$ cat entry_29.txt   # compact mmCIF, C-alpha atoms
# COMPACT_ATOMS: atom_id res chain seq x y z
CA MET I 1 -10.09 8.69 -15.55
CA LYS I 2 -11.29 7.91 -12.03
CA LYS I 3 -9.09 5.64 -9.89
CA TYR I 4 -10.29 3.63 -6.89
CA ALA I 5 -8.66 2.99 -3.53
CA LEU I 6 -9.62 1.11 -0.42
CA LEU I 7 -8.82 2.89 2.85
CA LEU I 8 -8.13 0.40 5.64
CA TYR I 9 -8.19 1.90 9.11
CA GLU I 10 -8.02 0.66 12.71
CA ASN I 11 -9.70 3.64 14.41
CA GLU I 12 -11.58 6.83 13.60
CA ARG I 13 -8.42 8.94 13.91
CA ASP I 14 -6.73 6.89 11.17
CA LYS I 15 -9.86 7.04 9.01
CA SER I 16 -9.98 10.85 9.30
CA PHE I 17 -6.27 11.11 8.53
CA LEU I 18 -6.57 8.94 5.40
CA LEU I 19 -9.62 10.78 4.11
CA LYS I 20 -7.88 14.12 4.64
CA ARG I 21 -4.66 12.96 2.89
CA VAL I 22 -6.44 11.75 -0.24
CA GLY I 23 -9.03 14.54 -0.22
CA SER I 24 -6.72 16.67 -2.36
CA LEU I 25 -6.75 14.01 -5.10
CA PRO I 26 -10.07 14.54 -6.93
CA TRP I 27 -9.33 11.74 -9.40
CA LEU I 28 -9.14 9.16 -6.57
CA SER I 29 -12.37 7.68 -5.21
CA CYS I 30 -11.95 6.04 -1.79
CA THR I 31 -13.95 3.48 0.15
CA PRO I 32 -13.12 3.28 3.87
CA GLU I 33 -13.21 -0.16 5.55
CA ARG I 34 -12.34 -1.06 9.13
CA LEU I 35 -9.29 -3.32 9.41
CA GLY I 36 -11.13 -5.98 11.44
CA ASP I 37 -13.88 -6.44 8.83
CA PRO I 38 -13.58 -8.69 5.75
CA ILE I 39 -12.10 -6.78 2.81
CA ILE I 40 -14.74 -6.12 0.18
CA GLY I 41 -12.75 -3.75 -1.99
CA GLY I 42 -15.14 -3.57 -4.94
CA LYS I 43 -13.39 -1.70 -7.76
CA ALA I 44 -10.34 -0.89 -5.61
CA GLN I 45 -7.03 -0.80 -7.47
CA LEU I 46 -4.95 0.16 -4.44
CA VAL I 47 -5.09 -0.10 -0.65
CA LEU I 48 -4.16 2.87 1.55
CA GLY I 49 -3.57 2.53 5.27
CA ARG I 50 -1.88 4.06 8.27
CA GLY I 51 0.44 2.34 10.72
CA SER I 52 2.21 3.88 13.65
CA SER I 53 3.84 0.80 15.14
CA LEU I 54 5.35 -2.47 13.99
CA PRO I 55 2.47 -4.60 15.40
CA ALA I 56 -0.13 -2.37 13.72
CA MET I 57 1.76 -2.51 10.43
CA LEU I 58 2.09 -6.30 10.63
CA ARG I 59 -1.68 -6.66 11.25
CA LEU I 60 -2.37 -4.48 8.24
CA LYS I 61 0.08 -6.33 5.99
CA ASN I 62 -1.13 -9.79 7.05
CA LYS I 63 -4.79 -8.82 6.61
CA ILE I 64 -4.18 -7.53 3.12
CA ARG I 65 -1.93 -10.42 2.11
CA SER I 66 -4.57 -12.95 3.20
CA GLN I 67 -7.51 -11.31 1.44
CA CYS I 68 -6.35 -9.49 -1.68
CA SER I 69 -3.40 -8.93 -4.00
CA LEU I 70 -3.63 -5.16 -4.45
CA PRO I 71 -0.66 -2.83 -4.04
CA VAL I 72 -0.56 -1.20 -0.61
CA LEU I 73 0.65 2.23 0.46
CA VAL I 74 0.87 2.87 4.20
CA PHE I 75 1.45 6.21 5.91
CA SER I 76 3.68 6.28 8.97
CA SER I 77 5.06 8.95 11.28
CA LEU I 78 8.61 10.12 10.72
CA GLN I 79 9.78 8.77 14.09
CA ASN I 80 8.99 5.15 13.10
CA ILE I 81 9.67 5.26 9.40
CA SER I 82 13.12 3.62 9.44
CA VAL I 83 11.90 0.51 11.28
CA LEU I 84 8.66 0.23 9.34
CA LYS I 85 10.48 0.58 5.99
CA ALA I 86 11.80 -2.92 6.74
CA LEU I 87 8.31 -4.22 5.93
CA GLU I 88 8.39 -2.99 2.34
CA SER I 89 8.10 -5.51 -0.46
CA GLN I 90 7.12 -5.50 -4.13
CA ASN I 91 3.53 -4.58 -3.34
CA PHE I 92 3.76 -3.00 0.15
CA PHE I 93 5.18 0.50 0.53
CA VAL I 94 5.62 2.81 3.51
CA ILE I 95 5.78 6.61 3.22
CA GLN I 96 5.95 9.50 5.65
CA GLU I 97 2.66 10.99 6.81
CA GLU I 98 4.02 14.43 5.92
CA GLU I 99 4.67 13.55 2.27
CA GLU I 100 3.87 16.45 -0.07
CA ASP I 101 0.55 16.12 -1.93
CA GLU I 102 2.28 16.30 -5.32
CA ASP I 103 4.72 13.51 -4.40
CA LEU I 104 1.86 11.43 -2.98
CA SER I 105 -0.09 11.85 -6.20
CA ILE I 106 2.87 10.75 -8.31
CA LEU I 107 3.52 7.73 -6.09
CA ILE I 108 -0.11 6.59 -6.16
CA LEU I 109 -0.27 6.92 -9.94
CA ARG I 110 2.96 4.97 -10.27
CA LEU I 111 1.55 2.17 -8.08
CA LEU I 112 -1.67 2.09 -10.07
CA ARG I 113 0.28 1.67 -13.32
CA LYS I 114 2.08 -1.40 -12.03
CA THR I 115 0.22 -4.52 -13.03
CA ASN I 116 2.50 -7.34 -11.96
CA PHE I 117 2.55 -7.73 -8.19
CA GLU I 118 4.07 -11.15 -7.69
CA ILE I 119 5.09 -12.71 -4.42
CA GLU I 120 8.30 -11.05 -3.37
CA SER I 121 11.53 -12.83 -4.10
CA TYR I 122 14.99 -11.80 -3.05
CA THR I 123 18.14 -12.77 -4.83
CA LEU I 124 20.24 -13.56 -1.79
CA THR I 125 23.11 -15.95 -2.20
CA LYS I 126 23.23 -19.14 -0.15
CA ARG I 127 25.94 -17.61 2.05
CA GLU I 128 23.95 -14.40 2.55
CA ARG I 129 20.99 -16.51 3.65
CA GLU I 130 23.23 -18.33 6.11
CA VAL I 131 24.47 -15.01 7.50
CA VAL I 132 20.91 -13.72 7.90
CA ASN I 133 19.87 -16.92 9.65
CA LEU I 134 22.77 -16.61 12.09
CA ILE I 135 21.99 -12.93 12.72
CA ILE I 136 18.40 -13.86 13.56
CA SER I 137 19.67 -16.49 15.97
CA GLY I 138 21.52 -13.71 17.84
CA GLN I 139 25.09 -14.34 16.79
CA ASP I 140 27.55 -11.46 16.37
CA ASN I 141 30.03 -11.05 13.52
CA GLN I 142 32.79 -12.99 15.26
CA GLN I 143 30.49 -15.93 16.01
CA ILE I 144 29.18 -15.92 12.44
CA ALA I 145 32.73 -15.96 11.07
CA GLU I 146 33.67 -18.89 13.31
CA ARG I 147 30.49 -20.82 12.52
CA LEU I 148 30.89 -20.42 8.76
CA GLY I 149 34.68 -20.74 8.73
CA ILE I 150 35.21 -17.36 7.07
CA LYS I 151 37.08 -14.16 7.95
CA LEU I 152 35.49 -11.38 9.96
CA SER I 153 35.96 -9.03 7.00
CA THR I 154 34.01 -11.47 4.82
CA VAL I 155 31.10 -11.38 7.27
CA ALA I 156 31.20 -7.57 7.08
CA ALA I 157 31.16 -7.75 3.26
CA HIS I 158 28.16 -10.11 3.30
CA LYS I 159 26.31 -7.78 5.66
CA LYS I 160 27.10 -4.78 3.45
CA ASN I 161 25.64 -6.65 0.45
CA LEU I 162 22.59 -7.60 2.51
CA PHE I 163 22.04 -3.96 3.49
CA LEU I 164 22.19 -2.94 -0.18
CA LYS I 165 19.83 -5.69 -1.33
CA THR I 166 17.25 -5.23 1.42
CA GLY I 167 17.41 -1.46 1.78
CA VAL I 168 18.09 -1.53 5.52
CA HIS I 169 20.95 0.24 7.29
CA THR I 170 21.64 -1.64 10.52
CA THR I 171 21.91 -5.22 11.73
CA SER I 172 18.80 -4.71 13.88
CA GLN I 173 16.82 -3.55 10.85
CA LEU I 174 18.11 -6.56 8.89
CA ALA I 175 16.86 -8.88 11.65
CA VAL I 176 13.45 -7.18 11.62
CA TRP I 177 13.37 -7.37 7.82
CA ALA I 178 14.02 -11.11 7.97
CA ILE I 179 11.63 -11.85 10.83
CA VAL I 180 8.65 -9.99 9.35
CA ARG I 181 9.10 -11.89 6.12
CA GLU I 182 9.20 -15.14 8.07
CA PHE I 183 12.63 -15.61 6.59
CA GLU I 184 13.92 -19.10 7.14
CA TYR I 185 16.94 -20.77 5.75
CA PRO I 186 18.05 -23.63 7.95
CA TYR I 187 21.78 -23.94 8.25
CA THR I 188 23.29 -27.37 8.01
CA LYS I 189 26.93 -28.39 7.89
CA ASN I 190 26.33 -30.43 4.73
CA GLU I 191 25.49 -27.28 2.74
CA ARG I 192 28.76 -25.50 3.44
$ encode --input "entry_29.txt" --output "structure tokens"
Amino acid sequence: MKKYALLLYENERDKSFLLKRVGSLPWLSCTPERLGDPIIGGKAQLVLGRGSSLPAMLRLKNKIRSQCSLPVLVFSSLQNISVLKALESQNFFVIQEEEEDEDLSILILRLLRKTNFEIESYTLTKREREVVNLIISGQDNQQIAERLGIKLSTVAAHKKNLFLKTGVHTTSQLAVWAIVREFEYPYTKNER
């Protein structure tokens, strides 16, 4: 059965790359559309794109989020993959440009089978949200511990849990993860 994808691109180089990557998938019919134009989509069941930088990836994600609710798969170079992985959510996925055709095919089919793409929700505890908020504000572990009245080892434990839940590996990546999701959890003394 034929599947349909929308290829969103910023420039001709990205368009050529996307067409070449999906060219080996005869069961996938693709419609290219420039990122700046309104998304028409038609029968599209999936959006494919390419992003090489955080600003480009944010433009792509925001454009798609504002105009459609399709699952999105974005190709990125290996050198930027760890930072751009922070943008992933329930319906937005980042993969390496060099991904094997067989793995790409399996991933696309898996995304097409998913039918429930709800707005992302994270099960962070109130304390984890407080820690994230303080990280975003630029505070280090010692300052977070003092502000929350907890031990330094407890801050480290909260950060470890946050890394596991969000899929990031460093404090910088956690801050990016939170910022790109417009994460906000105001800290007040009354909530302690």
$ atom_distance --input "entry_29.txt" --atom1 "CA of Ser69 in chain I" --atom2 "CA of Lys126 in chain I"
28.8 Å
$ atom_distance --input "entry_29.txt" --atom1 "CA of Thr170 in chain I" --atom2 "CA of Lys61 in chain I"
22.5 Å
$ residues_near_point --input "entry_29.txt" --point "(-1.6, 2.4, 11.9)" --cutoff "8 Å" --atoms "only C-alpha atoms" --output "PyMOL selection string"
chain I and resi 9-10+14+49-53+56-57+60+75-76
$ closest_residue --input "entry_29.txt" --among "I:Asp140, I:Phe17, I:Glu128, I:Ala175" --to "Lys159 in chain I" --atoms "only C-alpha atoms"
I:Glu128
$ atom_distance --input "entry_29.txt" --atom1 "CA of Glu99 in chain I" --atom2 "CA of Ala5 in chain I"
18.0 Å
$ closest_residue --input "entry_29.txt" --among "I:Arg13, I:Asp101, I:Leu6, I:Lys43" --to "Thr31 in chain I" --atoms "only C-alpha atoms"
I:Leu6
$ closest_residue --input "entry_29.txt" --among "I:Leu162, I:Ile179, I:Leu87, I:Ile95" --to "Leu73 in chain I" --atoms "only C-alpha atoms"
I:Ile95
$ residues_near_point --input "entry_29.txt" --point "(-14.8, -3.3, 1.4)" --cutoff "12 Å" --atoms "all atoms listed in the file" --output "MDAnalysis selection string"
chainID I and resid 4:9 30:44 46:47 64 67:68
$ closest_residue --input "entry_29.txt" --among "I:Ile150, I:Val83, I:Ala156, I:Ile135" --to "Gln173 in chain I" --atoms "all atoms listed in the file"
I:Val83
$ closest_residue --input "entry_29.txt" --among "I:Leu152, I:Ala86, I:Leu54, I:Leu109" --to "His169 in chain I" --atoms "only C-alpha atoms"
I:Ala86
$ closest_residue --input "entry_29.txt" --among "I:Val176, I:Gly23, I:Phe92, I:His158" --to "Pro55 in chain I" --atoms "only C-alpha atoms"
I:Val176
$ axis_aligned_box --input "entry_29.txt" --around "range 14-27 of chain I" --padding-each-side "4 Å" --output "JSON"
{"center_x": -7.4, "center_y": 11.8, "center_z": 0.9, "size_x": 13.4, "size_y": 17.8, "size_z": 28.6}
$ residues_around --input "entry_29.txt" --residues "Val155 in chain I" --least-positions-apart "3" --cutoff "12 Å" --atoms "all atoms listed in the file" --output "MDAnalysis selection string"
chainID I and resid 127:132 134:135 139:152 158:162 171
$ write_last_selection --input "entry_29.txt" --atoms "C-alpha atoms" --output "PDB file, in the coordinates of the input"
ATOM      1  CA  ARG I 127      25.940 -17.610   2.050  1.00  0.00           C
ATOM      2  CA  GLU I 128      23.950 -14.400   2.550  1.00  0.00           C
ATOM      3  CA  ARG I 129      20.990 -16.510   3.650  1.00  0.00           C
ATOM      4  CA  GLU I 130      23.230 -18.330   6.110  1.00  0.00           C
ATOM      5  CA  VAL I 131      24.470 -15.010   7.500  1.00  0.00           C
ATOM      6  CA  VAL I 132      20.910 -13.720   7.900  1.00  0.00           C
ATOM      7  CA  LEU I 134      22.770 -16.610  12.090  1.00  0.00           C
ATOM      8  CA  ILE I 135      21.990 -12.930  12.720  1.00  0.00           C
ATOM      9  CA  GLN I 139      25.090 -14.340  16.790  1.00  0.00           C
ATOM     10  CA  ASP I 140      27.550 -11.460  16.370  1.00  0.00           C
ATOM     11  CA  ASN I 141      30.030 -11.050  13.520  1.00  0.00           C
ATOM     12  CA  GLN I 142      32.790 -12.990  15.260  1.00  0.00           C
ATOM     13  CA  GLN I 143      30.490 -15.930  16.010  1.00  0.00           C
ATOM     14  CA  ILE I 144      29.180 -15.920  12.440  1.00  0.00           C
ATOM     15  CA  ALA I 145      32.730 -15.960  11.070  1.00  0.00           C
ATOM     16  CA  GLU I 146      33.670 -18.890  13.310  1.00  0.00           C
ATOM     17  CA  ARG I 147      30.490 -20.820  12.520  1.00  0.00           C
ATOM     18  CA  LEU I 148      30.890 -20.420   8.760  1.00  0.00           C
ATOM     19  CA  GLY I 149      34.680 -20.740   8.730  1.00  0.00           C
ATOM     20  CA  ILE I 150      35.210 -17.360   7.070  1.00  0.00           C
ATOM     21  CA  LYS I 151      37.080 -14.160   7.950  1.00  0.00           C
ATOM     22  CA  LEU I 152      35.490 -11.380   9.960  1.00  0.00           C
ATOM     23  CA  HIS I 158      28.160 -10.110   3.300  1.00  0.00           C
ATOM     24  CA  LYS I 159      26.310  -7.780   5.660  1.00  0.00           C
ATOM     25  CA  LYS I 160      27.100  -4.780   3.450  1.00  0.00           C
ATOM     26  CA  ASN I 161      25.640  -6.650   0.450  1.00  0.00           C
ATOM     27  CA  LEU I 162      22.590  -7.600   2.510  1.00  0.00           C
ATOM     28  CA  THR I 171      21.910  -5.220  11.730  1.00  0.00           C
TER      29      THR I 171
END
$ decode --input "entry_29.txt" --residues "range 128-143 of chain I" --atoms "N, CA and C atoms" --output "PDB file, in the first residue's frame"
ATOM      1  N   GLU I 128      11.721  18.140  40.424  1.00  0.00           N
ATOM      2  CA  GLU I 128      12.493  18.108  39.185  1.00  0.00           C
ATOM      3  C   GLU I 128      12.226  19.356  38.347  1.00  0.00           C
ATOM      4  N   ARG I 129      10.985  19.801  38.329  1.00  0.00           N
ATOM      5  CA  ARG I 129      10.646  21.026  37.604  1.00  0.00           C
ATOM      6  C   ARG I 129      11.345  22.233  38.230  1.00  0.00           C
ATOM      7  N   GLU I 130      11.414  22.250  39.543  1.00  0.00           N
ATOM      8  CA  GLU I 130      12.113  23.340  40.220  1.00  0.00           C
ATOM      9  C   GLU I 130      13.602  23.331  39.854  1.00  0.00           C
ATOM     10  N   VAL I 131      14.196  22.150  39.835  1.00  0.00           N
ATOM     11  CA  VAL I 131      15.612  22.022  39.477  1.00  0.00           C
ATOM     12  C   VAL I 131      15.845  22.501  38.049  1.00  0.00           C
ATOM     13  N   VAL I 132      14.996  22.085  37.125  1.00  0.00           N
ATOM     14  CA  VAL I 132      15.132  22.521  35.732  1.00  0.00           C
ATOM     15  C   VAL I 132      15.025  24.036  35.640  1.00  0.00           C
ATOM     16  N   ASN I 133      14.056  24.603  36.322  1.00  0.00           N
ATOM     17  CA  ASN I 133      13.869  26.052  36.290  1.00  0.00           C
ATOM     18  C   ASN I 133      15.115  26.777  36.808  1.00  0.00           C
ATOM     19  N   LEU I 134      15.724  26.259  37.853  1.00  0.00           N
ATOM     20  CA  LEU I 134      16.924  26.883  38.401  1.00  0.00           C
ATOM     21  C   LEU I 134      18.131  26.686  37.483  1.00  0.00           C
ATOM     22  N   ILE I 135      18.188  25.560  36.805  1.00  0.00           N
ATOM     23  CA  ILE I 135      19.262  25.331  35.814  1.00  0.00           C
ATOM     24  C   ILE I 135      19.140  26.350  34.690  1.00  0.00           C
ATOM     25  N   ILE I 136      17.926  26.544  34.202  1.00  0.00           N
ATOM     26  CA  ILE I 136      17.698  27.514  33.125  1.00  0.00           C
ATOM     27  C   ILE I 136      18.101  28.915  33.565  1.00  0.00           C
ATOM     28  N   SER I 137      17.882  29.215  34.826  1.00  0.00           N
ATOM     29  CA  SER I 137      18.222  30.554  35.320  1.00  0.00           C
ATOM     30  C   SER I 137      19.727  30.713  35.535  1.00  0.00           C
ATOM     31  N   GLY I 138      20.503  29.657  35.288  1.00  0.00           N
ATOM     32  CA  GLY I 138      21.962  29.758  35.334  1.00  0.00           C
ATOM     33  C   GLY I 138      22.607  29.356  36.641  1.00  0.00           C
ATOM     34  N   GLN I 139      21.862  28.734  37.526  1.00  0.00           N
ATOM     35  CA  GLN I 139      22.426  28.369  38.815  1.00  0.00           C
ATOM     36  C   GLN I 139      23.131  27.016  38.745  1.00  0.00           C
ATOM     37  N   ASP I 140      24.237  26.895  39.469  1.00  0.00           N
ATOM     38  CA  ASP I 140      24.977  25.632  39.508  1.00  0.00           C
ATOM     39  C   ASP I 140      24.399  24.739  40.605  1.00  0.00           C
ATOM     40  N   ASN I 141      24.955  23.550  40.737  1.00  0.00           N
ATOM     41  CA  ASN I 141      24.418  22.572  41.695  1.00  0.00           C
ATOM     42  C   ASN I 141      24.405  23.101  43.126  1.00  0.00           C
ATOM     43  N   GLN I 142      25.481  23.754  43.522  1.00  0.00           N
ATOM     44  CA  GLN I 142      25.565  24.280  44.890  1.00  0.00           C
ATOM     45  C   GLN I 142      24.482  25.332  45.129  1.00  0.00           C
ATOM     46  N   GLN I 143      24.288  26.223  44.190  1.00  0.00           N
ATOM     47  CA  GLN I 143      23.263  27.260  44.327  1.00  0.00           C
ATOM     48  C   GLN I 143      21.862  26.654  44.348  1.00  0.00           C
TER      49      GLN I 143
END
